[in-house]
>>> print(open('model12.cif').read())   # mmCIF, C-alpha atoms
data_work
loop_
_atom_site.label_atom_id
_atom_site.label_comp_id
_atom_site.auth_asym_id
_atom_site.auth_seq_id
_atom_site.Cartn_x
_atom_site.Cartn_y
_atom_site.Cartn_z
CA MET A 1 -19.94 8.29 -4.71
CA ARG A 2 -19.04 4.73 -5.67
CA ILE A 3 -16.03 3.35 -7.51
CA THR A 4 -16.29 -0.03 -9.17
CA GLN A 5 -13.78 -1.99 -11.22
CA ARG A 6 -15.32 -3.61 -14.28
CA GLN A 7 -14.26 -6.93 -15.75
CA ASP A 8 -12.29 -5.09 -18.46
CA ASN A 9 -10.21 -3.40 -15.68
CA TRP A 10 -11.78 -0.01 -16.28
CA LEU A 11 -12.99 1.92 -13.23
CA ASP A 12 -16.40 3.58 -13.14
CA VAL A 13 -16.97 6.47 -10.74
CA GLU A 14 -20.65 6.97 -10.01
CA LEU A 15 -22.78 9.27 -7.91
CA SER A 16 -25.06 7.60 -5.38
CA ASP A 17 -27.95 7.98 -7.86
CA GLY A 18 -26.01 5.93 -10.44
CA GLU A 19 -24.90 8.76 -12.74
CA THR A 20 -21.43 7.90 -14.10
CA LEU A 21 -18.99 10.73 -13.54
CA ALA A 22 -15.93 9.24 -15.19
CA THR A 23 -14.42 6.08 -16.59
CA LEU A 24 -10.72 5.48 -16.08
CA GLU A 25 -8.15 3.11 -17.49
CA GLY A 26 -4.60 3.59 -16.25
CA PRO A 27 -3.76 7.29 -16.07
CA GLY A 28 -6.43 8.27 -18.66
CA VAL A 29 -9.58 9.97 -17.38
CA PHE A 30 -12.59 10.24 -19.65
CA VAL A 31 -15.00 12.59 -17.92
CA VAL A 32 -18.66 11.98 -18.71
CA ASN A 33 -19.92 14.80 -16.49
CA PRO A 34 -17.47 17.75 -16.65
CA MET A 35 -18.48 19.37 -13.35
CA PRO A 36 -16.95 16.99 -10.77
CA GLY A 37 -13.31 16.61 -11.94
CA LEU A 38 -11.67 17.08 -8.54
CA LEU A 39 -14.40 15.14 -6.75
CA VAL A 40 -13.63 12.16 -8.96
CA TRP A 41 -9.91 12.38 -8.28
CA ASP A 42 -10.46 12.84 -4.53
CA ALA A 43 -12.70 9.77 -4.49
CA LEU A 44 -10.07 7.72 -6.32
CA VAL A 45 -7.34 8.84 -3.93
CA ALA A 46 -9.53 8.08 -0.90
CA SER A 47 -10.30 4.60 -2.25
CA GLY A 48 -6.66 3.87 -3.03
CA LYS A 49 -7.48 3.39 -6.73
CA ALA A 50 -5.92 6.55 -8.13
CA PRO A 51 -3.60 5.71 -11.02
CA ASN A 52 0.06 6.69 -10.73
CA ILE A 53 0.38 9.48 -13.28
CA VAL A 54 4.12 9.99 -13.07
CA ASP A 55 6.65 7.22 -13.43
CA ASN A 56 10.37 7.85 -12.94
CA ALA A 57 10.29 11.62 -12.54
CA GLN A 58 13.82 12.98 -12.96
CA GLN A 59 13.33 16.61 -11.94
CA VAL A 60 10.86 18.51 -9.76
CA SER A 61 10.58 22.16 -8.80
CA ASP A 62 11.54 23.35 -5.34
CA THR A 63 7.86 23.95 -4.59
CA GLN A 64 6.92 20.40 -5.62
CA PHE A 65 9.75 18.86 -3.59
CA ILE A 66 9.05 20.88 -0.46
CA GLN A 67 5.29 20.40 -0.69
CA ALA A 68 5.70 16.63 -1.12
CA LEU A 69 7.61 16.48 2.15
CA ALA A 70 4.73 18.24 3.93
CA GLU A 71 1.82 16.38 2.30
CA ASP A 72 0.07 13.63 4.30
CA ASN A 73 1.74 10.93 2.16
CA TYR A 74 5.08 11.87 3.75
CA ALA A 75 4.51 14.47 6.51
CA LEU A 76 8.26 14.73 7.11
CA ILE A 77 7.97 18.47 7.73
CA SER A 78 5.12 20.70 8.90
CA TRP A 79 3.26 23.02 6.57
CA GLN A 80 4.75 25.99 8.40
CA GLU A 81 8.25 24.58 7.83
CA ALA A 82 7.39 24.04 4.16
CA GLN A 83 6.24 27.65 3.78
CA ASP A 84 9.32 28.99 5.60
CA TRP A 85 11.63 26.88 3.44
CA GLY A 86 9.90 27.70 0.17
CA ALA A 87 9.49 31.42 0.78
CA GLN A 88 12.52 32.30 2.89
CA GLY A 89 15.01 29.45 2.58
CA ILE A 90 14.65 28.60 6.28
CA LEU A 91 15.35 24.89 6.45
CA PRO A 92 13.23 22.54 8.58
CA LYS A 93 14.86 21.12 11.69
CA LEU A 94 14.84 17.60 10.23
CA LEU A 95 16.92 18.73 7.26
CA VAL A 96 19.27 20.88 9.36
CA THR A 97 19.96 17.87 11.57
CA ALA A 98 20.61 15.73 8.49
CA LEU A 99 22.92 18.25 6.81
CA ASP A 100 24.87 18.79 10.03
CA LYS A 101 25.99 15.14 9.75
CA ILE A 102 28.16 16.00 6.75
CA PRO A 103 31.69 16.02 8.21
CA ASP A 104 33.48 18.07 5.55
CA THR A 105 32.81 21.80 6.06
CA ALA A 106 33.00 22.75 2.37
CA THR A 107 30.65 19.90 1.36
CA ARG A 108 28.26 20.78 4.18
CA ASN A 109 28.23 24.46 3.13
CA ARG A 110 27.46 23.52 -0.48
CA ALA A 111 24.67 21.22 0.71
CA TYR A 112 23.15 24.01 2.81
CA MET A 113 23.39 26.42 -0.11
CA LYS A 114 21.70 23.96 -2.45
CA ALA A 115 18.94 23.16 0.04
CA ARG A 116 18.22 26.83 0.72
CA SER A 117 18.33 28.16 -2.81
CA ALA A 118 17.64 25.40 -5.36
CA LYS A 119 14.83 26.17 -7.81
CA SER A 120 14.59 22.52 -8.82
CA TYR A 121 15.81 19.16 -7.63
CA ILE A 122 17.26 16.59 -10.02
CA TYR A 123 16.89 12.93 -9.06
CA SER A 124 20.45 11.99 -10.11
CA ASP A 125 22.06 14.91 -8.22
CA LYS A 126 24.59 13.74 -5.61
CA TRP A 127 22.93 15.91 -2.93
CA VAL A 128 19.50 14.46 -3.64
CA GLN A 129 20.86 10.90 -3.69
CA SER A 130 22.52 11.36 -0.30
CA ILE A 131 19.58 12.94 1.53
CA LEU A 132 17.99 9.61 2.54
CA VAL A 133 21.30 8.46 4.03
CA LEU A 134 21.49 11.64 6.11
CA LEU A 135 17.90 11.56 7.40
CA PRO A 136 17.16 9.56 10.56
CA GLN A 137 16.54 5.97 9.50
CA ASP A 138 13.32 5.70 11.52
CA VAL A 139 11.97 8.56 9.38
CA VAL A 140 13.14 6.95 6.13
CA ALA A 141 11.60 3.62 7.17
CA LYS A 142 8.13 5.23 7.24
CA MET A 143 8.43 6.52 3.66
CA PRO A 144 6.65 4.61 0.87
CA GLY A 145 8.96 2.31 -1.07
CA THR A 146 11.09 -0.77 -0.66
CA ASP A 147 14.67 0.53 -0.52
CA ALA A 148 16.37 3.94 -0.53
CA GLN A 149 16.33 4.28 -4.34
CA ASP A 150 12.69 3.24 -4.58
CA LYS A 151 11.71 5.55 -1.72
CA LEU A 152 13.45 8.49 -3.40
CA GLN A 153 11.90 7.68 -6.78
CA GLN A 154 8.44 7.44 -5.22
CA LEU A 155 8.99 10.80 -3.53
CA PHE A 156 9.96 12.35 -6.88
CA ASN A 157 7.02 10.71 -8.65
CA PHE A 158 4.62 12.02 -5.99
CA ALA A 159 6.19 15.49 -6.04
CA ALA A 160 5.85 15.65 -9.82
CA THR A 161 2.05 15.25 -9.48
CA LEU A 162 1.74 18.34 -7.28
#
>>> encode(input="model12.cif", output="structure tokens")
Amino acid sequence: MRITQRQDNWLDVELSDGETLATLEGPGVFVVNPMPGLLVWDALVASGKAPNIVDNAQQVSDTQFIQALAEDNYALISWQEAQDWGAQGILPKLLVTALDKIPDTATRNRAYMKARSAKSYIYSDKWVQSILVLLPQDVVAKMPGTDAQDKLQQLFNFAATL
């Protein structure tokens, strides 16, 4: 499979025999051959040319949020931790350590409750906004993005694509 960028900024995705699978411009995908949809996307992701489909996501489901933290892009928690959190509300060690930093007992209890039982996460929520401050800074430094707000927005954008 080969991906080439044309002079008009469109991307062509071709099989090794030259058959065009898809032509892309921005987030639009125009499939020429309907069979390989995921193969095309996987090739774009592998080449680093996948378009960003979501911009400024404001809300994601609990499953999207948890899965994003386990995906290779972030890998902040293991897949087993993600499954335990999503299915049983058992928080990953990284998050427990972060939440334990909250000094006020009532605030900490509310944060634990939200983390364990939320069905969605809203970008502007105070708990969501504070999570990057609570996480170890060496972990946050490895996340994609320039500053805390950008890192959080990129996490939400990525989660919204899952």
>>> residues_around(input="model12.cif", residues="stretch 84-92 of chain A", least_positions_apart="4", cutoff="8 Å", atoms="all atoms listed in the file", output="PyMOL selection string")
chain A and resi 62-63+66+77+80+96+115-117
>>> resolve_selection(input="model12.cif", expression="the PyMOL selection byres ((chain A and resi 129) around 12)", output="ChimeraX atom specification")
/A:58,111,121-128,130-135,148-153,155-156
>>> residues_around(input="model12.cif", residues="stretch 159-161 of chain A", least_positions_apart="6", cutoff="7 Å", atoms="all atoms listed in the file", output="list of chain:residue names")
A:Val54, A:Ala57, A:Val60, A:Gln64, A:Phe65, A:Ala68
>>> axis_aligned_box(input="model12.cif", around="stretch 117-135 of chain A", padding_each_side="4 Å", output="AutoDock Vina command-line options")
--center_x 19.6 --center_y 18.3 --center_z -1.4 --size_x 18.0 --size_y 27.7 --size_z 25.5
>>> atom_distance(input="model12.cif", atom1="atom CA of A:Ala82", atom2="atom CA of A:Lys101")
21.4 Å
>>> atom_distance(input="model12.cif", atom1="atom CA of A:Phe158", atom2="atom CA of A:Ile102")
27.1 Å
>>> atom_distance(input="model12.cif", atom1="atom CA of A:Gln59", atom2="atom CA of A:Ser120")
6.8 Å
>>> residues_near_point(input="model12.cif", point="(6.9, 5.4, -0.6)", cutoff="6 Å", atoms="only C-alpha atoms", output="ChimeraX atom specification")
/A:143-145,151,154
